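Shown next, in structure tokens, is the structure this report addresses.
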Amino acid sequence: MTDAPHDGPHDEAHGGALGARLNWLRAAVLGANDGVVSTAGLVVGVAGATGSRDTLLTAGLAGLLAGSMSMAVGEYVSVSTQRDSQKAALAMERRELREQPEEELDELAGLLMSRGLSQEVAREAAQQLTERDALRAHARVELGIDPDQLANPWHAAGASFLAFTVGALLPLLAIVLPPASMRLYVTVGSVLTALALTGWWSARLGAAAAGPAVLRNLGGGAMAMAVTYGAGSLLGAVGV
């Protein structure tokens, strides 16, 4: 019986840490995938209008920087909001523990009972968890928050910036390095290969079937490049 209070939070912390790592990996894969698709669509569209290497490089770099900064800023704002919400929830919980400790103890025991513990075991576990660290116990069991691992907006922004940049470099290099006659083929081939890999990896992270994820990635990337290339070719033909 004395092991129950120790094992519960211990297991929950490991599960939360694992979930956080998987979320970071999934965000990195999706960020790289976004960098591949958006930059590929941009440079392929420009390639439809002009064969100038300098123009392609300028457009690709502009798209890479704009996209990576947009991803970083968006992630920073989003995670900052999440962190503020977590802090506010912890502050409210801290106040409730100070003003109505008995009610909070009953609430914690009820939550433990809802997870399968008997009334007696849940009550004893709640008491021991409260004596050890009441705020931490309520944060993890009631709020699903680890006070030691609040969302970090700077880490999220940096990870998004890096992931997008790595993904965007592939189509950018593929469009400017090969000879003019091979640029489009090399770019399309390398982009589709990268999208197949990111589709497979994202499916693996989510424990889902890889086939549909790969096909969705390939279809979306191919459509994006076809549409932008068609638009670029049309604009180039009319001299815009």
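For the structure tokens, the naming scheme is as follows: chains receive sequential letters (A, B, ...) according to their order of presentation, residues are indexed from 1 within each chain, and ligands are indexed from 1 in presentation order.
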(request) Find the spatial neighbours of Leu111 in chain A, counting only C-alpha atoms, within a cut-off of 10 Å - ignore same-chain residues fewer than 2 positions away - and output them as an MDAnalysis selection string. (result) chainID A and resid 105:109 113:117 122 126 138 141:142
Could you save those same residues with C-alpha atoms as a compact mmCIF listing (two decimals), in the first residue's frame?
```
# COMPACT_ATOMS: atom_id res chain seq x y z
CA LEU A 105 -7.68 16.59 -0.50
CA ASP A 106 -11.13 15.13 -1.15
CA GLU A 107 -10.86 16.13 -4.80
CA LEU A 108 -7.48 14.45 -5.17
CA ALA A 109 -8.77 11.28 -3.53
CA MET A 113 -10.53 6.66 -7.25
CA SER A 114 -11.60 7.46 -10.81
CA ARG A 115 -8.32 5.91 -11.94
CA GLY A 116 -9.18 2.59 -10.36
CA LEU A 117 -8.04 2.83 -6.74
CA ALA A 122 -7.10 6.52 -2.83
CA ALA A 126 -3.95 11.43 -1.56
CA HIS A 138 -2.63 18.23 -7.95
CA VAL A 141 -3.19 14.31 -11.35
CA GLU A 142 -5.78 17.06 -11.73
```
Tell me which protein, DNA and RNA residues are within 6 Å of range 169-184 of chain A, counting only C-alpha atoms, leaving out same-chain ones fewer than 5 positions away, and put them as a compact mmCIF listing (two decimals) with N, CA, C and O atoms, in the first residue's frame.
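Writing the result to result16.txt gives the following:
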```txt
# COMPACT_ATOMS: atom_id res chain seq x y z
N ALA A 40 9.67 24.14 -52.11
CA ALA A 40 9.63 23.47 -53.41
C ALA A 40 8.58 24.13 -54.31
O ALA A 40 8.84 24.38 -55.50
N ARG A 53 19.48 31.36 -62.61
CA ARG A 53 19.91 30.77 -61.34
C ARG A 53 19.86 31.80 -60.20
O ARG A 53 19.48 31.48 -59.08
N GLY A 60 14.33 31.45 -53.56
CA GLY A 60 14.40 30.35 -52.60
C GLY A 60 14.86 30.80 -51.23
O GLY A 60 14.30 30.40 -50.21
```
(request) Go through range 70-222 of chain A and collect every residue that DSSP, computed from the backbone, puts in helix (DSSP H, G or I); the answer should be as number ranges by chain. (result) A: 70-99, 101-114, 119-143, 153-176, 183-205, 210-222
Output as a Markdown table one row per residue of range 121-145 of chain A within 10 Å of range 82-91 of chain A: the closest atom pair and its distance in Å to one decimal place, counting only C-alpha atoms, sorted by chain and residue number ascending.
```
| residue | atom | partner | partner_atom | distance |
| --- | --- | --- | --- | --- |
| A:Leu135 | CA | A:Leu90 | CA | 7.8 |
| A:Arg136 | CA | A:Leu90 | CA | 9.2 |
| A:His138 | CA | A:Leu90 | CA | 9.0 |
| A:Ala139 | CA | A:Leu90 | CA | 6.8 |
| A:Leu143 | CA | A:Ala89 | CA | 7.8 |
| A:Gly144 | CA | A:Gln86 | CA | 9.8 |
| A:Ile145 | CA | A:Gln86 | CA | 7.3 |
```
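Nearest to Ala62 in chain A of all the residues A:Ala168, A:Met92, A:Val36, A:Val77 is A:Ala168, counting only C-alpha atoms.
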(request) Have a look at A:Thr165, A:Thr130, A:Asn217, A:Ser78 and name the one nearest to Leu61 in chain A; count only C-alpha atoms. (result) A:Thr165
(request) Have a look at A:Ala210, A:Met71, A:Ala28, A:Leu218 and name the one nearest to Thr193 in chain A; count only C-alpha atoms. (result)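 Of A:Ala210, A:Met71, A:Ala28, A:Leu218, the one nearest Thr193 in chain A is A:Leu218, counting only C-alpha atoms.
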(request) Could you jot down the CA of Ala134 in chain A to CA of Leu97 in chain A separation for me, Å, one decimal place? (result)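 About the pair CA of Ala134 in chain A and CA of Leu97 in chain A: they are 7.6 Å apart.
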(message) as number ranges by chain, please: the residues near Leu195 in chain A (cut-off 12 Å, only C-alpha atoms, same-chain neighbours under 2 positions excluded).
(response) A: 29-38, 40, 167-168, 170-171, 188-193, 197-202, 213-222
